[in-house]
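Coordinates as given in data.cif (mmCIF, C-alpha atoms and all ligand atoms):
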data_structure
loop_
_atom_site.label_atom_id
_atom_site.label_comp_id
_atom_site.auth_asym_id
_atom_site.auth_seq_id
_atom_site.Cartn_x
_atom_site.Cartn_y
_atom_site.Cartn_z
CA MET A 33 4.15 -1.26 -38.76
CA THR A 34 6.81 1.16 -37.55
CA ILE A 35 8.03 0.81 -34.00
CA PRO A 36 8.17 4.28 -32.35
CA ARG A 37 11.74 5.54 -32.12
CA GLU A 38 11.34 7.23 -28.74
CA GLY A 39 11.44 5.10 -25.63
CA THR A 40 14.20 2.98 -24.23
CA ASN A 41 16.23 0.06 -25.49
CA LEU A 42 14.26 -2.22 -23.25
CA ASP A 43 10.79 -0.98 -24.07
CA PRO A 44 10.18 0.88 -27.34
CA TRP A 45 6.64 1.82 -26.23
CA TYR A 46 7.83 3.58 -23.09
CA GLU A 47 6.94 7.11 -24.30
CA LEU A 48 3.37 6.13 -25.06
CA TYR A 49 2.30 4.96 -21.63
CA ALA A 50 -0.36 6.94 -19.74
CA ASP A 51 0.90 9.17 -16.94
CA ARG A 52 -0.74 6.98 -14.32
CA THR A 53 1.58 4.09 -15.12
CA ALA A 54 4.33 6.02 -13.33
CA GLY A 55 2.76 4.65 -10.14
CA LEU A 56 3.03 1.06 -11.33
CA SER A 57 6.17 -0.37 -9.83
CA ALA A 58 6.92 -3.83 -8.50
CA SER A 59 6.27 -3.79 -4.76
CA GLU A 60 8.96 -4.95 -2.40
CA VAL A 61 6.70 -7.79 -1.40
CA ARG A 62 6.48 -8.96 -5.00
CA ALA A 63 10.21 -8.86 -5.54
CA LEU A 64 10.61 -10.85 -2.35
CA PHE A 65 8.32 -13.63 -3.46
CA ALA A 66 10.88 -14.66 -6.07
CA VAL A 67 13.70 -14.87 -3.55
CA ALA A 68 11.63 -16.34 -0.78
CA SER A 69 10.38 -19.21 -2.90
CA ARG A 70 13.81 -20.86 -2.80
CA PRO A 71 13.30 -23.87 -0.53
CA GLU A 72 16.32 -23.17 1.67
CA VAL A 73 14.99 -19.70 2.62
CA VAL A 74 12.65 -19.44 5.59
CA SER A 75 10.21 -16.87 4.33
CA LEU A 76 8.59 -14.70 6.96
CA ALA A 77 7.75 -12.27 4.16
CA GLY A 78 4.59 -13.16 2.25
CA GLY A 79 0.99 -13.34 3.41
CA MET A 80 0.12 -16.70 1.89
CA PRO A 81 -2.55 -18.64 3.78
CA PHE A 82 -1.68 -22.23 4.70
CA VAL A 83 -4.17 -23.78 2.28
CA SER A 84 -2.81 -27.30 2.85
CA ALA A 85 -4.91 -27.26 6.03
CA LEU A 86 -8.10 -27.24 3.94
CA PRO A 87 -10.12 -30.42 3.47
CA LEU A 88 -9.12 -30.72 -0.18
CA GLU A 89 -11.36 -33.72 -0.76
CA ARG A 90 -14.37 -31.55 0.20
CA VAL A 91 -13.30 -28.88 -2.25
CA THR A 92 -12.89 -31.56 -4.92
CA THR A 93 -16.39 -32.90 -4.18
CA SER A 94 -17.83 -29.41 -4.61
CA MET A 95 -15.99 -28.88 -7.89
CA GLU A 96 -17.23 -32.19 -9.26
CA ARG A 97 -20.81 -31.65 -8.08
CA VAL A 98 -20.97 -28.17 -9.60
CA MET A 99 -19.69 -29.40 -12.94
CA ARG A 100 -21.98 -32.44 -12.94
CA GLU A 101 -25.15 -30.69 -11.82
CA GLN A 102 -24.73 -27.08 -13.04
CA GLY A 103 -21.93 -27.31 -15.59
CA SER A 104 -23.47 -25.20 -18.31
CA ARG A 105 -24.32 -22.45 -15.81
CA ALA A 106 -20.88 -22.61 -14.21
CA LEU A 107 -19.13 -22.17 -17.54
CA GLN A 108 -21.32 -19.29 -18.73
CA TYR A 109 -21.08 -15.51 -18.12
CA GLY A 110 -23.03 -14.47 -15.05
CA SER A 111 -24.34 -11.48 -13.15
CA GLY A 112 -21.90 -8.60 -12.69
CA GLN A 113 -23.04 -8.42 -9.06
CA GLY A 114 -22.41 -12.12 -8.35
CA THR A 115 -24.69 -15.15 -7.98
CA PRO A 116 -27.59 -14.73 -5.51
CA GLU A 117 -26.70 -17.94 -3.63
CA LEU A 118 -23.15 -16.80 -2.94
CA ARG A 119 -24.40 -13.41 -1.82
CA GLU A 120 -26.74 -15.22 0.62
CA HIS A 121 -23.79 -17.13 2.08
CA ILE A 122 -21.81 -13.91 2.36
CA LEU A 123 -24.59 -12.47 4.52
CA GLU A 124 -24.25 -15.43 6.91
CA ILE A 125 -20.52 -14.82 7.16
CA MET A 126 -20.91 -11.12 7.80
CA ALA A 127 -23.52 -11.81 10.48
CA LEU A 128 -20.64 -13.29 12.52
CA GLU A 129 -19.15 -9.80 12.60
CA GLY A 130 -22.40 -8.13 13.54
CA VAL A 131 -23.23 -6.93 10.01
CA ARG A 132 -26.82 -7.13 8.85
CA ALA A 133 -27.57 -6.48 5.19
CA GLY A 134 -29.62 -7.71 2.26
CA VAL A 135 -28.48 -9.79 -0.72
CA ASP A 136 -28.88 -6.76 -2.97
CA ASP A 137 -26.33 -4.83 -0.93
CA VAL A 138 -23.50 -7.24 -1.80
CA VAL A 139 -21.27 -7.05 -4.87
CA VAL A 140 -19.05 -10.09 -5.48
CA THR A 141 -15.59 -9.15 -6.74
CA THR A 142 -12.49 -10.92 -7.98
CA GLY A 143 -10.79 -10.82 -4.58
CA SER A 144 -11.08 -7.78 -2.36
CA GLN A 145 -8.14 -6.46 -4.34
CA GLN A 146 -10.50 -5.86 -7.25
CA ALA A 147 -13.00 -4.16 -4.93
CA LEU A 148 -10.21 -1.80 -3.88
CA ASP A 149 -9.38 -1.11 -7.50
CA LEU A 150 -13.03 -0.41 -8.37
CA ILE A 151 -13.45 1.95 -5.41
CA ALA A 152 -10.30 3.79 -6.43
CA LYS A 153 -11.58 4.00 -10.00
CA LEU A 154 -14.89 5.45 -8.80
CA PHE A 155 -13.49 8.04 -6.43
CA LEU A 156 -9.93 9.01 -7.23
CA ASP A 157 -8.75 11.74 -9.55
CA SER A 158 -5.16 12.77 -9.91
CA GLY A 159 -3.94 14.63 -6.81
CA ASP A 160 -6.75 13.43 -4.52
CA VAL A 161 -5.90 12.30 -1.01
CA VAL A 162 -6.64 8.94 0.62
CA LEU A 163 -6.18 8.83 4.37
CA ALA A 164 -4.74 5.55 5.63
CA GLU A 165 -3.20 4.13 8.75
CA SER A 166 0.52 4.46 9.29
CA PRO A 167 1.66 1.92 8.04
CA SER A 168 -0.88 0.54 5.55
CA TYR A 169 -1.46 -2.40 3.19
CA VAL A 170 1.05 -2.23 0.36
CA GLY A 171 -1.40 -3.61 -2.23
CA ALA A 172 -4.00 -0.92 -1.52
CA MET A 173 -1.46 1.88 -1.65
CA GLY A 174 -0.24 0.59 -5.00
CA ILE A 175 -3.78 0.87 -6.35
CA PHE A 176 -4.29 4.38 -4.99
CA ARG A 177 -0.98 5.42 -6.50
CA SER A 178 -1.95 3.95 -9.85
CA TYR A 179 -4.91 6.38 -9.89
CA GLN A 180 -2.43 9.19 -9.14
CA ALA A 181 -3.79 9.80 -5.65
CA GLU A 182 -1.63 10.53 -2.62
CA VAL A 183 -1.79 8.42 0.54
CA SER A 184 -1.60 10.52 3.67
CA HIS A 185 -0.82 8.44 6.74
CA VAL A 186 -2.49 8.85 10.13
CA ALA A 187 -0.70 7.68 13.28
CA MET A 188 -1.77 4.47 14.99
CA ASP A 189 -0.82 2.68 18.18
CA ASP A 190 -1.62 -0.69 19.75
CA ASP A 191 -5.37 0.16 19.64
CA GLY A 192 -5.36 1.14 15.98
CA ILE A 193 -5.70 4.52 14.29
CA ILE A 194 -5.63 7.44 16.76
CA PRO A 195 -8.82 9.55 16.52
CA GLN A 196 -7.15 12.84 17.47
CA ALA A 197 -4.45 12.27 14.85
CA LEU A 198 -7.21 11.73 12.28
CA VAL A 199 -8.91 15.00 13.22
CA GLU A 200 -5.61 16.83 12.88
CA ARG A 201 -4.75 15.23 9.56
CA ILE A 202 -8.14 16.10 8.08
CA ALA A 203 -7.71 19.70 9.21
CA SER A 204 -4.20 20.02 7.81
CA MET A 205 -5.15 18.48 4.46
CA ARG A 206 -8.16 20.74 4.13
CA ALA A 207 -6.11 23.77 5.10
CA GLN A 208 -3.92 22.94 2.11
CA GLY A 209 -7.00 22.78 -0.10
CA ARG A 210 -6.60 19.04 -0.71
CA ALA A 211 -9.57 16.84 -1.60
CA ILE A 212 -9.88 13.90 0.82
CA LYS A 213 -11.80 11.13 -0.95
CA PHE A 214 -11.93 8.43 1.71
CA LEU A 215 -10.36 6.93 4.79
CA TYR A 216 -8.95 3.45 4.16
CA LEU A 217 -8.82 1.26 7.28
CA ILE A 218 -7.93 -2.34 8.17
CA PRO A 219 -9.49 -2.47 11.65
CA ASN A 220 -8.86 -6.17 12.42
CA PHE A 221 -5.42 -7.78 12.78
CA HIS A 222 -3.93 -5.08 10.64
CA ASN A 223 -1.69 -5.78 7.68
CA PRO A 224 1.15 -5.07 8.43
CA ALA A 225 0.88 -3.77 12.02
CA GLY A 226 -0.95 -6.77 13.56
CA VAL A 227 -3.03 -4.52 15.85
CA THR A 228 -6.83 -4.21 16.17
CA LEU A 229 -8.88 -1.03 16.36
CA SER A 230 -10.68 -0.95 19.72
CA TRP A 231 -14.48 -0.77 19.80
CA GLU A 232 -14.44 2.67 21.49
CA ARG A 233 -12.20 4.02 18.77
CA ARG A 234 -14.35 2.49 16.03
CA LEU A 235 -17.24 4.56 17.33
CA GLU A 236 -15.09 7.69 17.59
CA ILE A 237 -13.73 7.25 14.06
CA ILE A 238 -17.25 6.77 12.67
CA GLU A 239 -18.35 9.92 14.48
CA ILE A 240 -15.45 11.94 13.07
CA ALA A 241 -16.07 10.62 9.56
CA ARG A 242 -19.78 11.50 9.79
CA ARG A 243 -19.01 14.97 11.06
CA GLU A 244 -16.39 15.62 8.39
CA GLY A 245 -18.30 13.96 5.54
CA ILE A 246 -15.59 11.39 4.84
CA LEU A 247 -16.35 7.96 3.44
CA ILE A 248 -14.74 4.99 5.23
CA VAL A 249 -13.45 1.95 3.35
CA GLU A 250 -13.36 -0.87 5.92
CA ASP A 251 -11.13 -3.65 4.58
CA ASN A 252 -11.63 -6.79 6.64
CA PRO A 253 -10.09 -9.96 5.20
CA TYR A 254 -8.76 -11.27 8.55
CA GLY A 255 -11.61 -10.54 11.00
CA LEU A 256 -12.73 -14.15 11.55
CA LEU A 257 -9.18 -15.38 12.15
CA TRP A 258 -9.03 -14.34 15.81
CA PHE A 259 -7.05 -16.21 18.46
CA ASP A 260 -7.86 -15.41 22.04
CA ARG A 261 -11.12 -13.47 21.75
CA PRO A 262 -13.25 -12.38 18.78
CA ALA A 263 -12.47 -9.03 17.20
CA PRO A 264 -14.95 -6.23 17.93
CA HIS A 265 -17.88 -6.10 15.54
CA ALA A 266 -17.27 -4.50 12.17
CA MET A 267 -17.69 -0.74 11.88
CA ARG A 268 -20.30 -1.49 9.22
CA SER A 269 -22.45 -3.06 11.97
CA VAL A 270 -23.28 0.42 13.28
CA GLU A 271 -22.91 2.61 10.19
CA THR A 272 -24.44 1.76 6.84
CA GLU A 273 -24.40 4.95 4.77
CA GLY A 274 -20.85 6.09 5.36
CA ILE A 275 -18.97 2.81 4.90
CA VAL A 276 -17.93 0.56 2.05
CA TYR A 277 -17.12 -2.78 3.70
CA LEU A 278 -14.79 -5.24 1.98
CA GLY A 279 -14.64 -8.96 2.71
CA SER A 280 -12.76 -11.87 1.18
CA PHE A 281 -12.64 -15.64 1.08
CA SER A 282 -8.88 -15.50 0.51
CA LYS A 283 -7.79 -15.91 4.11
CA THR A 284 -10.71 -17.89 5.56
CA LEU A 285 -10.96 -20.31 2.63
CA ALA A 286 -8.47 -19.96 -0.21
CA PRO A 287 -7.10 -17.11 -2.34
CA GLY A 288 -7.11 -19.32 -5.44
CA PHE A 289 -10.85 -18.81 -5.92
CA ARG A 290 -10.24 -15.06 -6.13
CA ILE A 291 -13.53 -14.22 -4.49
CA GLY A 292 -14.13 -11.19 -2.35
CA TRP A 293 -17.01 -8.80 -1.92
CA ALA A 294 -18.05 -5.25 -1.23
CA LEU A 295 -21.02 -4.12 0.78
CA ALA A 296 -21.84 -0.57 -0.15
CA PRO A 297 -24.56 2.03 0.27
CA HIS A 298 -27.04 2.10 -2.61
CA GLY A 299 -25.52 4.77 -4.88
CA ILE A 300 -21.98 3.49 -4.58
CA ARG A 301 -23.14 -0.10 -5.08
CA GLU A 302 -24.82 0.73 -8.39
CA LYS A 303 -21.65 2.34 -9.63
CA LEU A 304 -19.51 -0.54 -8.33
CA VAL A 305 -21.54 -3.03 -10.35
CA LEU A 306 -21.22 -0.90 -13.50
CA ALA A 307 -17.48 -0.52 -12.96
CA ALA A 308 -17.11 -4.26 -12.29
CA GLU A 309 -19.03 -5.12 -15.46
CA SER A 310 -16.89 -2.78 -17.48
CA ALA A 311 -13.72 -4.33 -16.03
CA ILE A 312 -14.56 -8.06 -16.12
CA LEU A 313 -18.21 -8.48 -17.29
CA SER A 314 -18.84 -10.87 -14.40
CA PRO A 315 -16.85 -12.67 -11.71
CA SER A 316 -16.10 -16.37 -12.37
CA VAL A 317 -19.46 -18.14 -12.05
CA ALA A 318 -17.67 -21.50 -11.74
CA ASN A 319 -15.76 -20.30 -8.69
CA GLU A 320 -18.83 -18.68 -7.17
CA LEU A 321 -20.81 -21.92 -7.49
CA ILE A 322 -17.98 -24.03 -6.12
CA VAL A 323 -17.57 -21.79 -3.09
CA SER A 324 -21.36 -21.76 -2.54
CA ASP A 325 -21.52 -25.55 -2.73
CA TYR A 326 -18.57 -25.87 -0.35
CA LEU A 327 -20.20 -23.52 2.16
CA ALA A 328 -23.54 -25.33 1.92
CA SER A 329 -22.07 -28.82 2.33
CA THR A 330 -19.17 -28.30 4.75
CA ASP A 331 -18.82 -27.24 8.35
CA TRP A 332 -17.11 -24.04 7.23
CA LYS A 333 -17.17 -22.55 10.71
CA GLY A 334 -15.28 -25.63 11.93
CA GLN A 335 -12.83 -25.22 9.08
CA ILE A 336 -12.22 -21.58 10.08
CA ASP A 337 -11.65 -22.83 13.65
CA THR A 338 -8.97 -25.15 12.27
CA TYR A 339 -7.26 -22.20 10.59
CA ARG A 340 -7.55 -20.16 13.79
CA GLY A 341 -5.88 -22.90 15.85
CA LEU A 342 -3.13 -23.34 13.29
CA TYR A 343 -2.32 -19.63 13.04
CA ARG A 344 -2.52 -19.21 16.83
CA ASP A 345 0.14 -21.92 17.25
CA ARG A 346 2.31 -20.18 14.68
CA ARG A 347 1.83 -16.79 16.31
CA ASP A 348 2.84 -18.35 19.63
CA ALA A 349 5.88 -19.96 18.02
CA MET A 350 6.97 -16.61 16.60
CA ILE A 351 6.43 -14.69 19.84
CA ASP A 352 8.32 -17.38 21.82
CA ALA A 353 11.19 -17.26 19.35
CA LEU A 354 11.31 -13.45 19.40
CA GLU A 355 11.36 -13.47 23.21
CA HIS A 356 14.13 -16.05 23.16
CA TYR A 357 16.36 -14.75 20.37
CA LEU A 358 15.60 -11.04 20.10
CA PRO A 359 14.33 -9.94 23.52
CA ASP A 360 15.54 -6.35 23.09
CA LEU A 361 13.37 -5.67 20.04
CA HIS A 362 9.85 -4.28 20.24
CA TRP A 363 6.98 -6.00 18.45
CA THR A 364 3.19 -5.84 18.33
CA MET A 365 1.11 -8.70 19.74
CA PRO A 366 -1.53 -9.79 17.19
CA ASN A 367 -4.71 -11.38 18.47
CA GLY A 368 -5.47 -12.79 15.02
CA GLY A 369 -4.47 -12.60 11.38
CA PHE A 370 -1.02 -13.19 9.94
CA TYR A 371 1.41 -10.41 10.94
CA ILE A 372 3.74 -9.03 13.59
CA TRP A 373 5.25 -5.56 13.22
CA VAL A 374 8.75 -5.31 14.59
CA THR A 375 10.71 -2.21 15.56
CA LEU A 376 14.46 -2.63 15.21
CA PRO A 377 17.05 -1.35 17.68
CA ASP A 378 18.30 2.21 17.09
CA GLY A 379 20.34 2.67 13.96
CA LEU A 380 19.30 -0.48 12.12
CA ASP A 381 17.76 -0.27 8.66
CA SER A 382 15.35 -3.03 7.63
CA LYS A 383 15.73 -2.35 3.93
CA GLY A 384 19.51 -2.17 4.03
CA MET A 385 19.66 -5.32 6.15
CA LEU A 386 17.57 -7.43 3.79
CA PRO A 387 20.35 -8.67 1.47
CA ARG A 388 22.27 -9.94 4.49
CA ALA A 389 19.12 -11.64 5.77
CA VAL A 390 18.50 -13.37 2.46
CA LYS A 391 22.14 -14.47 2.44
CA GLU A 392 21.48 -15.96 5.88
CA LEU A 393 18.39 -17.67 4.38
CA VAL A 394 15.63 -15.74 6.06
CA ALA A 395 13.26 -13.26 4.39
CA TYR A 396 10.97 -10.58 5.83
CA THR A 397 9.24 -7.52 4.42
CA PRO A 398 10.98 -4.23 5.16
CA GLY A 399 8.77 -1.57 6.76
CA THR A 400 9.38 0.77 3.82
CA ALA A 401 6.90 -1.24 1.73
CA PHE A 402 4.06 -0.05 3.93
CA PHE A 403 4.58 3.70 3.80
CA ALA A 404 3.71 5.84 0.82
CA ASP A 405 6.96 7.78 1.00
CA GLY A 406 9.35 4.92 1.71
CA SER A 407 9.89 5.69 5.38
CA GLY A 408 9.67 2.79 7.82
CA ARG A 409 13.29 1.70 7.73
CA ALA A 410 13.18 1.09 11.46
CA ASN A 411 10.46 -1.53 11.05
CA LEU A 412 9.82 -4.86 9.44
CA ARG A 413 6.81 -7.12 8.98
CA LEU A 414 7.01 -10.77 9.95
CA SER A 415 4.37 -13.22 8.72
CA TYR A 416 3.74 -16.44 10.62
CA CYS A 417 0.95 -17.79 8.41
CA TYR A 418 2.87 -20.08 6.08
CA PRO A 419 5.99 -21.61 7.70
CA SER A 420 5.67 -24.36 10.32
CA PRO A 421 6.40 -23.52 13.98
CA ALA A 422 9.82 -25.21 13.64
CA GLU A 423 10.63 -23.15 10.54
CA ILE A 424 9.45 -19.99 12.29
CA ARG A 425 11.81 -20.67 15.19
CA GLU A 426 14.69 -21.31 12.82
CA GLY A 427 13.81 -18.20 10.81
CA ILE A 428 13.86 -16.00 13.91
CA ARG A 429 17.15 -17.59 15.01
CA ARG A 430 18.67 -16.63 11.65
CA LEU A 431 17.13 -13.16 11.84
CA ALA A 432 18.68 -12.68 15.28
CA GLY A 433 22.09 -13.50 13.79
CA VAL A 434 21.52 -10.88 11.10
CA VAL A 435 20.42 -8.23 13.61
CA ARG A 436 23.46 -8.92 15.82
CA GLY A 437 25.74 -8.78 12.78
CA GLU A 438 24.28 -5.42 11.73
CA GLN A 439 24.63 -4.05 15.23
CA GLU A 440 28.29 -5.07 15.34
CA LEU A 441 28.91 -3.52 11.95
CA LEU A 442 27.21 -0.32 13.01
CA SER A 443 29.19 0.00 16.22
CA THR A 444 32.46 -0.73 14.39
CA PHE A 445 32.12 1.60 11.43
CA SER A 446 29.65 4.35 12.15
CA PRO A 447 28.85 4.65 15.83
CA SER A 448 26.97 7.90 15.31
CA THR A 449 24.97 7.07 12.14
CA SER A 450 21.34 6.24 12.57
CA PRO A 451 18.58 6.08 9.96
CA GLU A 452 15.61 8.31 10.54
CA ARG A 453 13.44 6.82 13.26
CA VAL A 454 9.70 7.07 13.16
CA GLY A 455 7.65 7.00 16.32
CA THR A 456 7.66 8.99 19.50
CA ALA A 457 7.50 5.89 21.71
CA PRO A 458 8.42 2.33 20.80
CA HIS A 459 4.81 1.21 20.41
CA VAL A 460 3.57 4.27 18.54
CA ILE A 461 3.66 4.11 14.78
CA SER A 462 3.72 7.72 13.71
CA PRO A 463 3.29 8.97 10.18
CA PRO A 464 6.29 10.07 8.20
CA PRO A 465 7.11 13.58 9.38
CA ASN A 466 7.11 15.07 5.88
CA ILE A 467 3.52 14.25 4.96
CA GLY A 468 0.97 17.04 5.38
C1 LIG B 501 -5.57 -5.87 4.01
C2 LIG B 501 -5.76 -6.62 2.74
N1 LIG B 501 -6.69 -6.24 1.87
C3 LIG B 501 -6.90 -6.89 0.72
C4 LIG B 501 -6.13 -7.98 0.37
C5 LIG B 501 -6.40 -8.65 -0.95
O1 LIG B 501 -7.00 -9.87 -0.76
P1 LIG B 501 -7.77 -10.69 -1.88
O2 LIG B 501 -7.05 -11.97 -2.02
O3 LIG B 501 -9.18 -10.84 -1.36
O4 LIG B 501 -7.76 -9.90 -3.15
C6 LIG B 501 -5.12 -8.42 1.23
C7 LIG B 501 -4.26 -9.55 0.88
O5 LIG B 501 -3.28 -9.84 1.49
C8 LIG B 501 -4.94 -7.73 2.45
O6 LIG B 501 -4.01 -8.10 3.34
#

Can the structure in the file be given as structure tokens, please?
Amino acid sequence: MTIPREGTNLDPWYELYADRTAGLSASEVRALFAVASRPEVVSLAGGMPFVSALPLERVTTSMERVMREQGSRALQYGSGQGTPELREHILEIMALEGVRAGVDDVVVTTGSQQALDLIAKLFLDSGDVVLAESPSYVGAMGIFRSYQAEVSHVAMDDDGIIPQALVERIASMRAQGRAIKFLYLIPNFHNPAGVTLSWERRLEIIEIARREGILIVEDNPYGLLWFDRPAPHAMRSVETEGIVYLGSFSKTLAPGFRIGWALAPHGIREKLVLAAESAILSPSVANELIVSDYLASTDWKGQIDTYRGLYRDRRDAMIDALEHYLPDLHWTMPNGGFYIWVTLPDGLDSKGMLPRAVKELVAYTPGTAFFADGSGRANLRLSYCYPSPAEIREGIRRLAGVVRGEQELLSTFSPSTSPERVGTAPHVISPPPNIG
């Protein structure tokens, strides 16, 4: 066989890749995982759930029972839509968020990440537009990019996406003749912004989407992890035809099972199952049975309460530390989930500051990861889900040293330089000015 002579020294196949691979690049979050895994670094970067809080002996019991009692089924191919018993359990879980549906409406996926990929595969052609909050989940934007679509951000504030900004963005995209395929939203405890879409706005957004004929993808992995009061009911609780709802066991149980789900209107669901079968034939039956057994034999609501208490303590530890060490910064106040979105003082650049932070043994995710065009230098995402409260405090103490150091450097060398700021007020997260 002759190796093609085009390409690069590193990869002789480079010239042969499909155009869409241009969108496949390592995210900043991914690159950070390598650095942040060094034990001496306090990582406030990743979104890893604290799975050590799970009753591991219960999980072990479920694994053993499934293998003993249903081993040959567990190790076989299964339904592309997922096992009926798991889909039944999923209905119970969604009922907690006000969603009523039937077992046939649910498609089990390999994490909600796969559901996002399948939706993108079904809807996105090159040059299509996906509307998303500003900022948005880096992993979803990577998928949309890999299907050669463009993410167009819509401004949000402490109550989530701003309805009027959505109306204006739709109008400006359509005026340019662009095809809007769907609106991607994370209404609860947003990743990365930490904020929650208010109930009034949920209704307004649904109304706008109905009027404009735009499908909503409601991505809700964090909804049950609330702290002080439950999140408003899911948008899917009041709109069935215009929403694809995505759920996941990754944050409420464990990401290692790789089980998520989609709840979709009939036509989309049929296509989702076909696309899922073509991608993976069926989700892991073993994992589906283990999760079903665990849910049937464990007080899973109590276990979610344990997670909620744990993450609430960590959120409190982070807010206390920010108030103590960095009182002049602005940050969002999450009422659940894993993340706080921080706005740096004027002139500071979260991406440029990261090497210094890592040198000082603290890691965070620069805001640039969460915008399609790399803006967001004035922001960073802090995660409080994984480190202990003491580590969080130490991490913020180190971060404060880094911020002070950068401020000193800035005032010494370039008093007038300031990276482009986004936002018209400290709490408003506006879209990058150069997008549609
Ligand atoms: C908003 C959002 N959607 C989807 C995912 C993917 O989750 P899963 O593990 O279910 O694939 C994540 C993971 O962090 C997320 O934050």

Would you mind telling me which residue in A:Glu302, A:Glu355, A:Asp381, A:Asp251 lies nearest to ligand LIG 501 (chain B) when using only C-alpha atoms and all ligand atoms?
-> A:Asp251

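Of the residues listed (A:Arg100, A:Arg290, A:His298, A:Lys333), A:Arg290 shows the shortest atom-to-atom separation from ligand LIG 501 (chain B); distances use all atoms listed in the file.
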
Shortest interatomic distance to ligand LIG 501 (chain B) - which of A:Ile291, A:Leu306, A:Val91, A:Ile372, counting all atoms listed in the file |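 Closest to ligand LIG 501 (chain B), using all atoms listed in the file: A:Ile291.
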
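Those protein and nucleic acid residues that have any atom within 8 Å of ligand LIG 501 (chain B) are, using all atoms listed in the file, A:Gly79, A:Met80, A:Thr142, A:Gly143, A:Ser144, A:Gln145, A:Gln146, A:Ala147, A:Leu148, A:Tyr169, A:Gly171, A:Ala172, A:Ile218, A:His222, A:Asn223, A:Pro224, A:Asp251, A:Asn252, A:Pro253, A:Tyr254, A:Gly279, A:Ser280, A:Phe281, A:Ser282, A:Lys283, A:Pro287, A:Arg290, A:Ile291, A:Gly292.
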
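Considering only C-alpha atoms, the residue among A:Ala308, A:Pro219, A:Gln208, A:His185 positioned nearest to A:Lys153 is A:Ala308.
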
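Taking atom CA of A:Val98 and atom CA of A:Ala133 as endpoints, the distance between them is 27.1 Å.
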
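Closest approach to A:Asn367 among A:Gly159, A:Gly112, A:Gly341, A:Pro167: A:Gly341, based on only C-alpha atoms.
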
May I ask for the distance between atom CA of A:Leu235 and atom CA of A:Ile212, given in Å to one decimal place?
->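 Separation of atom CA of A:Leu235 and atom CA of A:Ile212: 20.3 Å.
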
Per-residue nearest contacts stretch 290-399 of chain A to stretch 261-272 of chain A, cut-off 9 Å, using all atoms listed in the file, as CSV:
residue,atom,partner,partner_atom,distance
A:Leu295,CA,A:Arg268,CA,8.9
A:Ala296,CA,A:Thr272,CA,7.8
A:Pro297,CA,A:Thr272,CA,6.6
A:Asn367,CA,A:Arg261,CA,7.5
A:Gly368,CA,A:Ala263,CA,8.2

Nearest to A:Met350: which of A:Ala164, A:Leu217, A:Ala422, A:Val199 is it, counting all atoms listed in the file?
->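 Between A:Ala164, A:Leu217, A:Ala422, A:Val199, the residue approaching A:Met350 most closely is A:Ala422.
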
Can you tell me how far atom CA of A:Arg413 sits from atom CA of A:Ile125, in Å to one decimal?
-> 28.5 Å

Within 12 Å of A:Phe155 using only C-alpha atoms, minus same-chain residues under 5 positions, as a PyMOL selection string = chain A and resi 148-150+160-162+176+179-181+211-215+246-247+249+300+303-304+307

Any chance you can output those residues with C-alpha atoms as a compact mmCIF listing (two decimals), in the frame of the given file?
# COMPACT_ATOMS: atom_id res chain seq x y z
CA LEU A 148 -10.21 -1.80 -3.88
CA ASP A 149 -9.38 -1.11 -7.50
CA LEU A 150 -13.03 -0.41 -8.37
CA ASP A 160 -6.75 13.43 -4.52
CA VAL A 161 -5.90 12.30 -1.01
CA VAL A 162 -6.64 8.94 0.62
CA PHE A 176 -4.29 4.38 -4.99
CA TYR A 179 -4.91 6.38 -9.89
CA GLN A 180 -2.43 9.19 -9.14
CA ALA A 181 -3.79 9.80 -5.65
CA ALA A 211 -9.57 16.84 -1.60
CA ILE A 212 -9.88 13.90 0.82
CA LYS A 213 -11.80 11.13 -0.95
CA PHE A 214 -11.93 8.43 1.71
CA LEU A 215 -10.36 6.93 4.79
CA ILE A 246 -15.59 11.39 4.84
CA LEU A 247 -16.35 7.96 3.44
CA VAL A 249 -13.45 1.95 3.35
CA ILE A 300 -21.98 3.49 -4.58
CA LYS A 303 -21.65 2.34 -9.63
CA LEU A 304 -19.51 -0.54 -8.33
CA ALA A 307 -17.48 -0.52 -12.96

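Taking all atoms listed in the file, the non-local environment of stretch 388-390 of chain A within 8 Å (same-chain residues fewer than 4 positions away omitted) comprises A:Val67, A:Val73, A:Val394, A:Ala395, A:Arg430, A:Leu431, A:Val434.
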
Just the residues within 7 Å of A:Leu380, please, counting only C-alpha atoms, with nothing from its chain fewer than 2 positions along; format it as a list in words.
->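 My list of contacting residues is Leu376, Pro377, Asp378, Ser382, Ala410 and Pro451 of chain A.
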
Within 12 Å of (-19.2, -29.2, 3.4), all atoms listed in the file: residues as a count of residues only?
-> 25
